[in-house]
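Text of upload-v7.cif (mmCIF, C-alpha atoms) as supplied:
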```
data_entry
loop_
_atom_site.label_atom_id
_atom_site.label_comp_id
_atom_site.auth_asym_id
_atom_site.auth_seq_id
_atom_site.Cartn_x
_atom_site.Cartn_y
_atom_site.Cartn_z
CA MET A 18 13.42 15.48 32.44
CA LYS A 19 10.60 17.74 31.49
CA LYS A 20 7.25 17.00 33.11
CA ILE A 21 4.03 17.33 31.20
CA THR A 22 0.45 17.38 32.37
CA LEU A 23 -1.61 14.43 31.23
CA ASN A 24 -5.40 14.63 31.33
CA PHE A 25 -7.40 11.50 30.79
CA ILE A 26 -10.35 9.53 32.15
CA LEU A 27 -9.17 6.86 34.57
CA ASN A 28 -11.88 4.47 35.73
CA GLU A 29 -14.54 6.98 34.70
CA GLU A 30 -12.95 9.82 36.74
CA PRO A 31 -11.17 12.69 34.97
CA VAL A 32 -7.59 12.92 36.23
CA SER A 33 -4.80 15.40 35.66
CA LEU A 34 -1.33 14.06 36.39
CA GLU A 35 2.20 15.40 36.16
CA ILE A 36 4.19 12.78 34.27
CA ASP A 37 7.54 12.26 32.60
CA GLU A 38 7.26 12.88 28.87
CA ASN A 39 8.37 9.40 27.96
CA ALA A 40 6.70 7.51 30.81
CA ARG A 41 4.90 4.26 30.10
CA LEU A 42 1.18 4.14 30.81
CA LEU A 43 1.89 1.32 33.27
CA ASP A 44 4.18 3.53 35.37
CA VAL A 45 1.68 6.37 35.39
CA ILE A 46 -1.12 4.07 36.54
CA ARG A 47 0.98 2.45 39.27
CA ASP A 48 3.35 5.14 40.46
CA VAL A 49 1.56 8.41 39.71
CA ALA A 50 -2.10 7.44 40.06
CA GLY A 51 -1.20 4.92 42.77
CA LEU A 52 -3.33 2.09 41.37
CA THR A 53 -1.17 -0.97 41.85
CA GLY A 54 -3.68 -3.61 40.69
CA THR A 55 -2.11 -3.44 37.23
CA LYS A 56 1.04 -5.56 37.33
CA GLU A 57 4.31 -5.48 35.46
CA GLY A 58 5.41 -8.91 34.31
CA CYS A 59 7.67 -8.97 31.28
CA GLY A 60 7.66 -5.28 30.34
CA VAL A 61 7.75 -6.10 26.63
CA GLY A 62 4.13 -6.91 25.76
CA GLU A 63 4.44 -10.67 25.96
CA CYS A 64 2.74 -11.64 29.24
CA GLY A 65 -0.35 -9.43 29.52
CA ALA A 66 -0.09 -8.85 33.31
CA CYS A 67 -0.29 -5.09 32.65
CA THR A 68 -3.41 -5.28 30.45
CA VAL A 69 -5.80 -2.33 30.78
CA ILE A 70 -8.71 -1.26 28.62
CA LEU A 71 -7.97 1.79 26.46
CA GLU A 72 -10.95 3.20 24.58
CA GLY A 73 -12.71 -0.17 24.76
CA GLU A 74 -9.72 -2.26 23.71
CA ALA A 75 -7.34 -4.42 25.72
CA VAL A 76 -3.78 -3.12 25.48
CA ASP A 77 -0.50 -3.89 27.23
CA SER A 78 0.10 -0.75 29.32
CA CYS A 79 3.84 -1.50 29.50
CA ILE A 80 4.21 -0.65 25.81
CA VAL A 81 1.85 2.32 25.64
CA LEU A 82 3.38 5.76 25.85
CA ALA A 83 1.41 7.51 28.62
CA ALA A 84 1.40 10.86 26.82
CA SER A 85 -0.49 9.23 23.94
CA VAL A 86 -3.64 8.61 26.05
CA GLU A 87 -4.43 12.32 26.50
CA GLY A 88 -8.21 12.72 26.60
CA LYS A 89 -8.86 8.98 26.43
CA HIS A 90 -10.71 6.48 28.61
CA VAL A 91 -8.57 3.99 30.52
CA THR A 92 -10.03 1.26 32.74
CA THR A 93 -7.91 -0.72 35.18
CA VAL A 94 -8.83 -3.64 37.41
CA GLU A 95 -9.76 -1.12 40.14
CA GLY A 96 -12.52 0.15 37.86
CA LEU A 97 -14.27 -3.20 37.49
CA ALA A 98 -16.33 -3.47 40.69
CA LYS A 99 -19.30 -1.09 40.85
CA ASN A 100 -20.90 0.02 44.14
CA GLY A 101 -19.14 -2.72 46.06
CA LYS A 102 -20.34 -5.42 43.67
CA LEU A 103 -17.77 -7.39 41.73
CA ASP A 104 -17.93 -7.45 37.95
CA PRO A 105 -19.13 -10.84 36.64
CA VAL A 106 -15.60 -11.63 35.36
CA GLN A 107 -14.24 -11.15 38.89
CA GLN A 108 -16.98 -13.18 40.56
CA ALA A 109 -16.58 -15.99 38.04
CA VAL A 110 -12.81 -16.21 38.63
CA LEU A 111 -13.48 -16.55 42.36
CA ASP A 112 -16.24 -19.12 41.84
CA HIS A 113 -14.05 -21.23 39.55
CA HIS A 114 -10.94 -20.99 41.77
CA ALA A 115 -9.22 -19.69 38.64
CA LEU A 116 -6.19 -18.20 40.38
CA GLN A 117 -3.40 -19.16 42.71
CA CYS A 118 -0.76 -16.48 43.12
CA GLY A 119 -3.01 -13.90 41.46
CA PHE A 120 -0.28 -11.90 39.72
CA CYS A 121 -1.69 -12.50 36.25
CA THR A 122 -5.33 -12.18 37.33
CA PRO A 123 -5.89 -8.43 36.77
CA GLY A 124 -4.61 -8.77 33.21
CA PHE A 125 -6.86 -11.75 32.50
CA LEU A 126 -9.85 -9.88 33.94
CA MET A 127 -9.26 -6.89 31.68
CA SER A 128 -8.80 -9.04 28.56
CA ALA A 129 -12.01 -10.93 29.37
CA LYS A 130 -13.95 -7.75 30.10
CA ALA A 131 -12.81 -6.13 26.83
CA LEU A 132 -14.04 -9.21 24.99
CA LEU A 133 -17.39 -9.48 26.79
CA ASP A 134 -18.14 -5.77 26.47
CA LYS A 135 -17.83 -6.15 22.71
CA LYS A 136 -19.20 -9.65 22.41
CA PRO A 137 -21.29 -10.94 25.34
CA ASN A 138 -21.79 -14.35 23.71
CA PRO A 139 -18.32 -15.45 22.62
CA THR A 140 -17.44 -18.98 21.58
CA ARG A 141 -14.91 -20.92 23.64
CA ASP A 142 -12.33 -20.31 20.91
CA GLU A 143 -12.99 -16.59 20.99
CA ILE A 144 -12.40 -16.59 24.74
CA LYS A 145 -9.14 -18.47 24.22
CA MET A 146 -8.08 -16.00 21.52
CA ALA A 147 -8.93 -13.04 23.75
CA ILE A 148 -6.69 -14.31 26.56
CA ALA A 149 -3.92 -15.72 24.34
CA GLY A 150 -1.84 -12.64 25.20
CA ASN A 151 -2.05 -13.35 28.93
CA LEU A 152 0.28 -15.83 30.60
CA CYS A 153 -0.50 -17.75 33.78
CA ARG A 154 2.29 -19.86 35.26
CA CYS A 155 0.47 -21.54 38.13
CA THR A 156 -3.22 -22.24 37.62
CA GLY A 157 -3.34 -22.90 33.90
CA TYR A 158 -6.07 -21.77 31.60
CA GLN A 159 -8.88 -24.33 31.93
CA GLN A 160 -10.55 -22.72 34.94
CA LEU A 161 -10.14 -19.25 33.47
CA VAL A 162 -11.81 -20.21 30.20
CA GLU A 163 -14.66 -21.85 32.13
CA ALA A 164 -14.96 -18.82 34.41
CA PHE A 165 -15.28 -16.45 31.46
CA GLU A 166 -17.86 -18.72 29.83
CA ASP A 167 -19.88 -18.34 33.03
CA ALA A 168 -19.28 -14.61 33.19
CA ALA A 169 -20.56 -14.32 29.62
CA LYS A 170 -23.97 -15.56 30.80
CA GLU A 171 -24.13 -12.64 33.25
CA TYR A 172 -23.06 -10.18 30.54
CA GLN A 173 -25.84 -11.47 28.30
CA LYS A 174 -28.39 -10.60 31.01
CA GLY A 175 -27.11 -7.03 30.67
CA MET B 1 15.05 4.41 29.85
CA GLN B 2 16.30 6.89 27.27
CA LYS B 3 14.99 10.41 27.86
CA LEU B 4 12.90 11.56 24.95
CA SER B 5 10.69 14.55 24.30
CA TYR B 6 7.13 14.08 23.15
CA LEU B 7 5.74 15.74 20.03
CA LYS B 8 2.13 15.49 18.95
CA PRO B 9 1.55 17.21 15.62
CA GLN B 10 -2.07 18.02 14.82
CA THR B 11 -1.57 18.20 11.05
CA LEU B 12 0.54 16.34 8.52
CA LYS B 13 2.21 19.63 7.62
CA GLU B 14 3.30 20.11 11.23
CA ALA B 15 4.61 16.52 11.36
CA LEU B 16 6.62 16.96 8.16
CA GLY B 17 7.99 20.20 9.57
CA TYR B 18 9.29 18.35 12.64
CA LEU B 19 10.86 15.71 10.41
CA LYS B 20 12.53 18.38 8.29
CA GLU B 21 13.80 20.23 11.36
CA TYR B 22 14.94 17.28 13.49
CA GLY B 23 15.65 14.55 10.88
CA GLU B 24 17.04 11.42 12.51
CA LYS B 25 16.43 12.83 15.97
CA VAL B 26 12.69 12.28 15.58
CA LYS B 27 11.01 8.88 15.52
CA PRO B 28 7.34 8.52 14.60
CA TYR B 29 5.32 6.76 17.30
CA ALA B 30 2.41 4.79 15.82
CA GLY B 31 1.26 1.78 17.86
CA GLY B 32 4.41 1.68 19.97
CA THR B 33 4.44 -2.11 20.24
CA ASP B 34 7.96 -2.41 18.85
CA LEU B 35 9.24 1.06 19.64
CA MET B 36 8.48 0.89 23.37
CA VAL B 37 10.29 -2.44 23.60
CA GLN B 38 13.31 -1.04 21.74
CA LEU B 39 13.33 1.93 24.11
CA ARG B 40 13.28 -0.32 27.14
CA GLU B 41 16.10 -2.42 25.73
CA GLY B 42 18.17 0.66 24.96
CA SER B 43 18.28 -0.44 21.33
CA SER B 44 21.10 1.01 19.24
CA ARG B 45 18.50 1.78 16.58
CA LEU B 46 17.29 4.63 18.76
CA LYS B 47 20.66 6.02 19.80
CA ASP B 48 20.25 9.26 17.84
CA VAL B 49 16.57 9.72 18.69
CA GLU B 50 15.58 12.67 20.91
CA TYR B 51 11.92 13.09 20.03
CA LEU B 52 8.99 10.69 19.86
CA MET B 53 6.43 12.03 17.41
CA ASP B 54 2.93 10.69 18.14
CA VAL B 55 1.15 10.54 14.78
CA GLN B 56 -2.28 9.40 16.00
CA ALA B 57 -3.98 12.75 15.32
CA LEU B 58 -3.17 12.83 11.60
CA PRO B 59 -6.22 11.94 9.48
CA GLU B 60 -4.03 11.18 6.43
CA LEU B 61 -2.75 8.09 8.26
CA ARG B 62 -6.23 6.62 8.83
CA GLY B 63 -8.91 4.80 6.93
CA ILE B 64 -9.35 2.07 4.34
CA GLU B 65 -10.46 3.19 0.91
CA VAL B 66 -11.27 0.98 -2.08
CA ARG B 67 -10.32 2.67 -5.34
CA GLU B 68 -10.83 1.55 -8.91
CA ASP B 69 -7.69 -0.55 -9.18
CA SER B 70 -6.13 -0.28 -5.74
CA ILE B 71 -6.96 -0.18 -2.05
CA ARG B 72 -5.47 2.46 0.24
CA ILE B 73 -4.82 1.51 3.86
CA GLY B 74 -3.79 4.28 6.25
CA ALA B 75 -0.47 3.53 7.95
CA MET B 76 -2.03 3.91 11.44
CA THR B 77 -4.63 1.21 10.77
CA SER B 78 -4.28 -1.37 13.54
CA HIS B 79 -4.00 -5.09 12.89
CA THR B 80 -7.37 -5.51 14.60
CA GLU B 81 -8.90 -2.97 12.21
CA VAL B 82 -7.38 -4.76 9.21
CA ASN B 83 -8.62 -8.09 10.49
CA GLU B 84 -12.13 -6.81 11.20
CA SER B 85 -12.50 -4.71 8.03
CA GLU B 86 -15.33 -6.18 5.92
CA VAL B 87 -13.82 -4.58 2.83
CA LEU B 88 -10.41 -6.18 3.33
CA ARG B 89 -11.93 -9.53 4.28
CA LYS B 90 -13.79 -9.47 0.99
CA HIS B 91 -11.05 -8.18 -1.29
CA VAL B 92 -7.82 -9.48 0.28
CA PRO B 93 -8.72 -12.22 2.76
CA PHE B 94 -5.12 -13.41 3.18
CA LEU B 95 -4.05 -9.99 4.47
CA SER B 96 -6.89 -10.12 6.95
CA ILE B 97 -5.80 -13.58 8.09
CA ALA B 98 -2.15 -12.51 8.35
CA SER B 99 -3.18 -9.59 10.56
CA SER B 100 -5.06 -11.96 12.84
CA THR B 101 -1.85 -13.92 13.48
CA VAL B 102 0.19 -10.95 14.72
CA GLY B 103 1.14 -11.11 18.41
CA SER B 104 -1.87 -11.19 20.70
CA THR B 105 -5.16 -9.29 20.99
CA GLN B 106 -3.38 -6.56 22.98
CA ILE B 107 -0.64 -6.24 20.35
CA ARG B 108 -3.10 -6.28 17.44
CA ASN B 109 -5.15 -3.52 19.07
CA LYS B 110 -2.14 -1.17 19.18
CA GLY B 111 0.22 -2.39 16.46
CA THR B 112 -0.27 -0.84 13.02
CA VAL B 113 0.28 -2.04 9.47
CA GLY B 114 2.51 0.95 8.78
CA GLY B 115 4.57 0.19 11.85
CA ASN B 116 4.81 -3.48 10.94
CA ILE B 117 6.44 -2.51 7.64
CA CYS B 118 8.44 0.51 8.87
CA ASN B 119 9.98 -1.45 11.72
CA ALA B 120 11.53 -3.46 8.88
CA SER B 121 11.66 -6.83 10.55
CA PRO B 122 12.01 -9.61 7.99
CA ALA B 123 9.79 -11.67 10.32
CA ALA B 124 6.85 -9.26 10.16
CA ASP B 125 3.72 -11.32 9.62
CA THR B 126 1.96 -8.97 7.19
CA LEU B 127 4.94 -8.47 4.90
CA SER B 128 4.37 -11.46 2.62
CA PRO B 129 0.70 -10.69 1.78
CA PHE B 130 1.67 -7.06 1.22
CA VAL B 131 4.45 -8.14 -1.15
CA ALA B 132 2.06 -10.51 -2.94
CA LEU B 133 -0.25 -7.51 -3.37
CA ASN B 134 2.55 -5.40 -4.94
CA ALA B 135 2.14 -3.03 -1.99
CA ARG B 136 3.53 0.48 -2.32
CA LEU B 137 4.35 2.77 0.56
CA VAL B 138 3.14 6.32 0.13
CA VAL B 139 6.10 8.31 1.45
CA VAL B 140 5.75 12.02 2.09
CA SER B 141 8.03 14.86 3.12
CA VAL B 142 8.11 18.62 2.81
CA ASP B 143 9.53 18.00 -0.67
CA GLY B 144 6.46 16.09 -1.86
CA GLU B 145 5.15 12.57 -2.19
CA ARG B 146 6.56 9.41 -3.74
CA GLU B 147 5.73 5.72 -3.83
CA VAL B 148 8.12 2.93 -2.86
CA MET B 149 7.43 -0.75 -3.45
CA VAL B 150 7.36 -2.55 -0.10
CA LYS B 151 9.62 -5.25 -1.53
CA ASP B 152 12.22 -2.61 -2.40
CA ALA B 153 11.77 -0.51 0.73
CA MET B 154 14.00 -2.43 3.10
CA GLU B 155 17.68 -1.56 3.15
CA LYS B 156 18.42 -4.29 5.68
CA ALA B 157 16.73 -5.84 8.68
CA GLY B 158 15.53 -2.97 10.88
CA LYS B 159 16.13 -0.20 8.36
CA LEU B 160 14.00 1.21 5.56
CA LYS B 161 15.40 3.15 2.63
CA LEU B 162 13.70 6.37 3.65
CA ALA B 163 15.35 9.75 4.07
CA PRO B 164 15.34 11.04 7.67
CA HIS B 165 12.77 13.70 6.79
CA GLU B 166 10.32 11.29 5.14
CA MET B 167 7.44 9.33 6.64
CA VAL B 168 4.94 6.74 5.45
CA THR B 169 1.30 7.84 5.43
CA SER B 170 -0.42 4.93 3.74
CA ILE B 171 -0.03 1.68 1.87
CA LEU B 172 -1.50 1.03 -1.57
CA ILE B 173 -2.26 -2.52 -2.63
CA ASP B 174 -3.49 -4.05 -5.88
CA ARG B 175 -7.11 -5.01 -6.13
CA ILE B 176 -7.10 -8.69 -6.95
CA ASP B 177 -10.82 -9.35 -6.62
CA ASP B 178 -10.79 -12.31 -9.02
CA TYR B 179 -7.98 -14.13 -7.21
CA SER B 180 -8.36 -16.60 -4.39
CA THR B 181 -5.77 -16.20 -1.66
CA ALA B 182 -4.21 -18.08 1.23
CA PHE B 183 -1.81 -17.29 4.08
CA ILE B 184 -0.15 -19.88 6.29
CA LYS B 185 2.13 -18.98 9.18
CA LEU B 186 4.48 -21.23 11.03
CA GLY B 187 5.32 -19.87 14.46
CA ARG B 188 7.15 -21.52 17.33
CA ARG B 189 3.86 -21.55 19.18
CA LYS B 190 0.33 -20.46 18.41
CA ALA B 191 0.05 -17.21 20.36
CA LEU B 192 2.50 -14.32 20.41
CA ALA B 193 5.12 -15.94 18.21
CA ILE B 194 6.53 -14.06 15.25
CA SER B 195 6.66 -15.93 11.97
CA ARG B 196 9.42 -18.49 11.71
CA MET B 197 8.30 -18.71 8.11
CA ASN B 198 5.08 -18.03 6.30
CA ALA B 199 3.55 -18.18 2.85
CA ALA B 200 1.16 -15.78 1.11
CA VAL B 201 -0.22 -16.80 -2.26
CA ALA B 202 -2.92 -15.66 -4.67
CA LEU B 203 -4.26 -17.55 -7.69
CA LYS B 204 -6.45 -16.42 -10.53
CA MET B 205 -8.30 -19.29 -12.16
CA GLU B 206 -9.79 -19.27 -15.66
CA ASN B 207 -11.53 -22.33 -17.09
CA GLY B 208 -9.80 -24.69 -14.70
CA VAL B 209 -6.34 -23.31 -15.49
CA ILE B 210 -4.16 -20.98 -13.42
CA ALA B 211 -4.24 -17.69 -15.32
CA ALA B 212 -2.07 -15.71 -12.89
CA ALA B 213 -0.22 -16.43 -9.66
CA ARG B 214 1.51 -14.56 -6.90
CA ILE B 215 3.77 -16.42 -4.53
CA ALA B 216 5.40 -14.58 -1.63
CA PRO B 217 7.26 -16.63 0.97
CA GLY B 218 7.81 -14.86 4.30
CA CYS B 219 11.02 -14.73 6.35
CA VAL B 220 13.18 -16.64 3.87
CA PHE B 221 14.93 -13.77 2.08
CA SER B 222 16.83 -10.92 3.68
CA THR B 223 14.30 -8.57 2.10
CA PRO B 224 10.83 -9.77 1.13
CA ASP B 225 9.98 -10.68 -2.46
CA ARG B 226 7.74 -12.69 -4.74
CA VAL B 227 9.26 -15.71 -6.47
CA GLU B 228 8.55 -15.16 -10.13
CA LYS B 229 10.17 -18.44 -11.19
CA ALA B 230 7.67 -20.35 -9.07
CA GLU B 231 4.80 -18.24 -10.36
CA ALA B 232 5.80 -18.81 -14.01
CA LEU B 233 6.04 -22.53 -13.35
CA ILE B 234 2.36 -22.90 -12.49
CA VAL B 235 0.71 -20.33 -14.78
CA GLY B 236 -1.15 -21.90 -17.71
CA LYS B 237 -1.46 -25.25 -15.95
CA ALA B 238 -4.25 -27.00 -14.07
CA PRO B 239 -3.80 -26.89 -10.29
CA SER B 240 -2.64 -30.11 -8.63
CA ALA B 241 -0.74 -31.11 -5.52
CA ALA B 242 2.13 -32.33 -7.71
CA LEU B 243 2.36 -29.01 -9.56
CA PHE B 244 2.35 -27.10 -6.28
CA GLU B 245 5.07 -29.36 -4.93
CA GLU B 246 7.20 -28.19 -7.87
CA ALA B 247 6.36 -24.58 -7.03
CA GLY B 248 7.49 -25.20 -3.44
CA LYS B 249 10.80 -26.56 -4.72
CA ALA B 250 11.27 -23.53 -6.96
CA VAL B 251 10.83 -21.34 -3.88
CA SER B 252 13.37 -23.26 -1.81
CA GLU B 253 15.86 -23.18 -4.71
CA GLU B 254 15.41 -19.42 -4.87
CA MET B 255 15.94 -19.18 -1.11
CA ILE B 256 19.24 -21.08 -1.36
CA ALA B 257 20.30 -19.09 -4.44
CA ARG B 258 19.78 -15.82 -2.57
CA THR B 259 20.86 -16.62 0.96
CA GLY B 260 23.21 -19.57 0.47
CA ILE B 261 23.33 -22.73 2.55
CA ARG B 262 23.04 -21.86 6.25
CA TRP B 263 22.90 -23.90 9.43
CA SER B 264 19.11 -23.68 9.25
CA THR B 265 18.74 -24.66 5.59
CA GLU B 266 18.24 -28.34 6.34
CA TYR B 267 15.15 -27.35 8.33
CA LYS B 268 13.92 -24.42 6.27
CA LYS B 269 14.09 -26.06 2.85
CA PRO B 270 11.49 -28.81 3.35
CA VAL B 271 9.36 -26.58 5.57
CA ILE B 272 9.05 -23.67 3.14
CA GLU B 273 8.35 -26.19 0.36
CA ALA B 274 5.49 -27.65 2.38
CA LEU B 275 4.13 -24.22 3.37
CA ILE B 276 4.07 -23.03 -0.25
CA GLN B 277 2.48 -26.26 -1.47
CA ARG B 278 -0.19 -26.16 1.24
CA ALA B 279 -0.96 -22.49 0.72
CA LEU B 280 -1.35 -23.03 -3.03
CA CYS B 281 -3.58 -26.06 -2.43
CA ARG B 282 -5.67 -24.01 0.00
CA ALA B 283 -6.04 -21.15 -2.48
CA ALA B 284 -6.98 -23.60 -5.24
CA GLY B 285 -9.46 -25.45 -3.03
CA LEU B 286 -7.50 -28.71 -3.13
CA PRO B 287 -6.88 -31.01 -0.14
CA GLU B 288 -3.75 -29.88 1.70
CA ASP B 289 -2.08 -33.19 2.54
#
```

Spit out the file's structure as C-alpha cells when you get a sec.
Amino acid sequence: MKKITLNFILNEEPVSLEIDENARLLDVIRDVAGLTGTKEGCGVGECGACTVILEGEAVDSCIVLAASVEGKHVTTVEGLAKNGKLDPVQQAVLDHHALQCGFCTPGFLMSAKALLDKKPNPTRDEIKMAIAGNLCRCTGYQQLVEAFEDAAKEYQKG
Amino acid sequence: MQKLSYLKPQTLKEALGYLKEYGEKVKPYAGGTDLMVQLREGSSRLKDVEYLMDVQALPELRGIEVREDSIRIGAMTSHTEVNESEVLRKHVPFLSIASSTVGSTQIRNKGTVGGNICNASPAADTLSPFVALNARLVVVSVDGEREVMVKDAMEKAGKLKLAPHEMVTSILIDRIDDYSTAFIKLGRRKALAISRMNAAVALKMENGVIAAARIAPGCVFSTPDRVEKAEALIVGKAPSAALFEEAGKAVSEEMIARTGIRWSTEYKKPVIEALIQRALCRAAGLPED
C-alpha cells in the first residue's frame, strides 16, 4: 500500500502525517495522530461515536476518506478544552450527569459544539435534531438535551 | 478494506481524463457516506474499482443557480446546503424538506444530492421530489455533454445507465414557482432511517381548480417515476380529500401493475394511498385527516 503525506489542521495545530491512501479519517486520528478520544462504534455512519468537526460541520469520521481533508480544519474532543478549562458543552455534561459509560460522549460533545458554534441560541428541537445522529445506549437523551440547553447559555455569553 | 489509490483532479478536464483512461476502475468520491460503507462491507459493486477520485475541487460540481426556466444544482451540493438554501426553500420547498430528512446531521453535512442519485438506491429520500421536478442529470465525458432524465437514469437498484467514462456534474430541475409542494416520508424511525416509502407532490391552482399536478411516490417502483394516471385524475377538478383519496388509489394500482403483488403489498397499498392523499391535502392546504 502506497503511503501519502496528509497535511491538515488538527485541533488548531498544523500536522503532517504519513497515511494509507484509502485510510478513514477516524483511523488517522486514532492510530496515526494518537488521539483516541474519538471512538469507533458502528463504523457505518449510524451511531455518531466518531463525530468530529470538519470545517465547522459535524461529520462521522468513520465514513470520511482521510485523504480528502488535505488542508482542512478538523477538531476532535481533545481540542475542546482551552488552557485547562473545559468547553461549556463538556462542563454541562458533567454537571447534568449526562453520561454513564462515556463511549458515546465525545461524539455528542462534537455534535453539540458544531451546533452551538453556528447557533448559540438553539431551540430544544434544534438540539434534538443536532444529536439525532448520535446514539447513547445507557444514559438516554434527556440529560444530554438539558446539558446542551445549559451550555447554550454559556455560548451566548461569548 | 479494499486497497484503492487516491486521485484528486483539480479540473474537470483532468477528472474526465482519468475516467477515460481508467473507466470502471475509477469511482468518483463525493460525500463518501455510501461509498465508504460499501468499501468497508467489501461490496461487490466495488470489485473492479482501483481508484477513488475525489471530486471536491471541481467548481463545475458546485453551486445553485436559478435560470429562466430551470434551476441548476451542482452534484456536490450537500443535503445541508440544499436544505439551508434560501433559493431552494423558496422555489422548491419539498426538495428542501426531503433533504432535511436524509440520515442525520453528520450524514447531511457530507452526503451530496449527486451522490444520492448516482448511488441509485430506490430508497433515496430526494429521488421523488427530483422526479416530480422532471430532474435531468447533466452527464459529461471527454466526448461531450448530455442530459438524462433522473427517472430514466437507473438501470436497476445500485446501477445508473452511465458509461464508465461518464460522470454527473449537476442536476437541472424545472422551475415550478406557481406550484405548492409537499413531501412526506415514512421511515422506520425518525432519525437515520431511509425512506420505507415517501410521497412528493406539486399542485398548481387556478381559480380554485387544480390546473396541473405532479405526483411522485418514492420507493414503490423499481425505478422512480411520476404517476401520470393519478395526475390526470385530479387536473381540472377542485381539491378535496375525496378526490385525493382517488389519486392515492390510482398510485397504488400503478404500483401493483408495475411490481405485482408481493409479500409487502398488503402493507404498502394502504400506506402509499394514505401518504399520497396526505401529501396532496398538505399541498392544497386542506386538513390531512

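Here atom CA of B:Arg262 and atom CA of B:Leu160 stand 24.8 Å from one another.
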
Surrounding residues of A:Gly65 excluding itself and chain neighbours under 3 positions, 8 Å, all atoms listed in the file, as number ranges by chain: A: 58, 62, 68, 77, 121, 124-125, 150-152; B: 106

Minimum-distance residue to chain B, chosen among A:Glu143, A:Asp112, A:Asp134, A:Glu35 (using all atoms listed in the file): A:Glu143

Show me, as CSV, the residues of chain A having an atom within 12 Å of chain B, each with the closest atom pair and its distance in Å, using only C-alpha atoms.
```
residue,atom,partner,partner_atom,distance
A:Met18,CA,B:Lys3,CA,7.0
A:Lys19,CA,B:Ser5,CA,7.9
A:Lys20,CA,B:Ser5,CA,9.8
A:Ile21,CA,B:Tyr6,CA,9.2
A:Thr22,CA,B:Tyr6,CA,11.9
A:Leu23,CA,B:Tyr6,CA,11.9
A:Ile36,CA,B:Tyr6,CA,11.6
A:Asp37,CA,B:Lys3,CA,9.0
A:Glu38,CA,B:Tyr6,CA,5.8
A:Asn39,CA,B:Leu4,CA,5.9
A:Ala40,CA,B:Met1,CA,9.0
A:Arg41,CA,B:Met36,CA,8.3
A:Leu42,CA,B:Met36,CA,10.9
A:Leu43,CA,B:Met36,CA,11.9
A:Cys59,CA,B:Val37,CA,10.4
A:Gly60,CA,B:Val37,CA,7.8
A:Val61,CA,B:Val37,CA,5.4
A:Gly62,CA,B:Ile107,CA,7.2
A:Glu63,CA,B:Leu192,CA,6.9
A:Cys64,CA,B:Leu192,CA,9.2
A:Gly65,CA,B:Gln106,CA,7.8
A:Ala66,CA,B:Gln106,CA,11.1
A:Cys67,CA,B:Gln106,CA,10.3
A:Thr68,CA,B:Gln106,CA,7.6
A:Val69,CA,B:Gln106,CA,9.2
A:Ile70,CA,B:Gln106,CA,9.4
A:Leu71,CA,B:Asn109,CA,9.5
A:Glu72,CA,B:Asn109,CA,10.4
A:Gly73,CA,B:Asn109,CA,10.0
A:Glu74,CA,B:Asn109,CA,6.6
A:Ala75,CA,B:Gln106,CA,5.3
A:Val76,CA,B:Gln106,CA,4.3
A:Asp77,CA,B:Gln106,CA,5.8
A:Ser78,CA,B:Gln106,CA,9.3
A:Cys79,CA,B:Met36,CA,8.1
A:Ile80,CA,B:Met36,CA,5.2
A:Val81,CA,B:Gly32,CA,6.3
A:Leu82,CA,B:Gly32,CA,7.2
A:Ala83,CA,B:Tyr6,CA,10.3
A:Ala84,CA,B:Tyr6,CA,7.5
A:Ser85,CA,B:Asp54,CA,6.9
A:Val86,CA,B:Gln56,CA,10.2
A:Glu87,CA,B:Lys8,CA,10.5
A:Gly124,CA,B:Gln106,CA,10.5
A:Phe125,CA,B:Gln106,CA,11.4
A:Met127,CA,B:Gln106,CA,10.5
A:Ser128,CA,B:Gln106,CA,8.2
A:Ala129,CA,B:Thr105,CA,10.9
A:Ala131,CA,B:Thr105,CA,10.1
A:Leu132,CA,B:Thr105,CA,9.7
A:Glu143,CA,B:Thr105,CA,10.7
A:Ile144,CA,B:Thr105,CA,10.9
A:Lys145,CA,B:Ala191,CA,10.0
A:Met146,CA,B:Thr105,CA,7.3
A:Ala147,CA,B:Thr105,CA,6.0
A:Ile148,CA,B:Thr105,CA,7.7
A:Ala149,CA,B:Ala191,CA,5.8
A:Gly150,CA,B:Ser104,CA,4.7
A:Asn151,CA,B:Ser104,CA,8.5
A:Leu152,CA,B:Ala191,CA,10.3
```

Contact residues around B:Ser141 with all atoms listed in the file at 12 Å, ignoring same-chain residues under 6 positions, as number ranges by chain: B: 12-21, 23, 147, 162-169

Separation of atom CA of B:Glu145 from atom CA of B:Leu61 in Å: 13.8 Å

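Using all atoms listed in the file, the residues found no farther than 10 Å from B:Ile173, other than those of its own chain fewer than 3 positions away, are Val66, Arg67, Asp69, Ser70, Ile71, Arg72, Ile73, Val92, Pro129, Phe130, Val131, Ala132, Leu133, Asn134, Ala135, Arg136, Leu137, Met149, Val150, Ser170 and Ile176 of chain B.
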
Proximity to A:Lys136 - best of A:Phe165, A:Gly119, A:Cys155, A:Val94, only C-alpha atoms: A:Phe165

Identify the residues within 12 Å of coordinate (-8.3, -25.0, 29.6) (same frame as the file), considering all atoms listed in the file, and give the answer as a PDB file with C-alpha atoms, keeping the file's coordinate frame.
```pdb
ATOM      1  CA  ALA A 115      -9.220 -19.690  38.640  1.00  0.00           C
ATOM      2  CA  ARG A 141     -14.910 -20.920  23.640  1.00  0.00           C
ATOM      3  CA  ASP A 142     -12.330 -20.310  20.910  1.00  0.00           C
ATOM      4  CA  ILE A 144     -12.400 -16.590  24.740  1.00  0.00           C
ATOM      5  CA  LYS A 145      -9.140 -18.470  24.220  1.00  0.00           C
ATOM      6  CA  ILE A 148      -6.690 -14.310  26.560  1.00  0.00           C
ATOM      7  CA  ALA A 149      -3.920 -15.720  24.340  1.00  0.00           C
ATOM      8  CA  CYS A 153      -0.500 -17.750  33.780  1.00  0.00           C
ATOM      9  CA  THR A 156      -3.220 -22.240  37.620  1.00  0.00           C
ATOM     10  CA  GLY A 157      -3.340 -22.900  33.900  1.00  0.00           C
ATOM     11  CA  TYR A 158      -6.070 -21.770  31.600  1.00  0.00           C
ATOM     12  CA  GLN A 159      -8.880 -24.330  31.930  1.00  0.00           C
ATOM     13  CA  GLN A 160     -10.550 -22.720  34.940  1.00  0.00           C
ATOM     14  CA  LEU A 161     -10.140 -19.250  33.470  1.00  0.00           C
ATOM     15  CA  VAL A 162     -11.810 -20.210  30.200  1.00  0.00           C
ATOM     16  CA  GLU A 163     -14.660 -21.850  32.130  1.00  0.00           C
ATOM     17  CA  ALA A 164     -14.960 -18.820  34.410  1.00  0.00           C
ATOM     18  CA  PHE A 165     -15.280 -16.450  31.460  1.00  0.00           C
ATOM     19  CA  GLU A 166     -17.860 -18.720  29.830  1.00  0.00           C
TER      20      GLU A 166
END
```
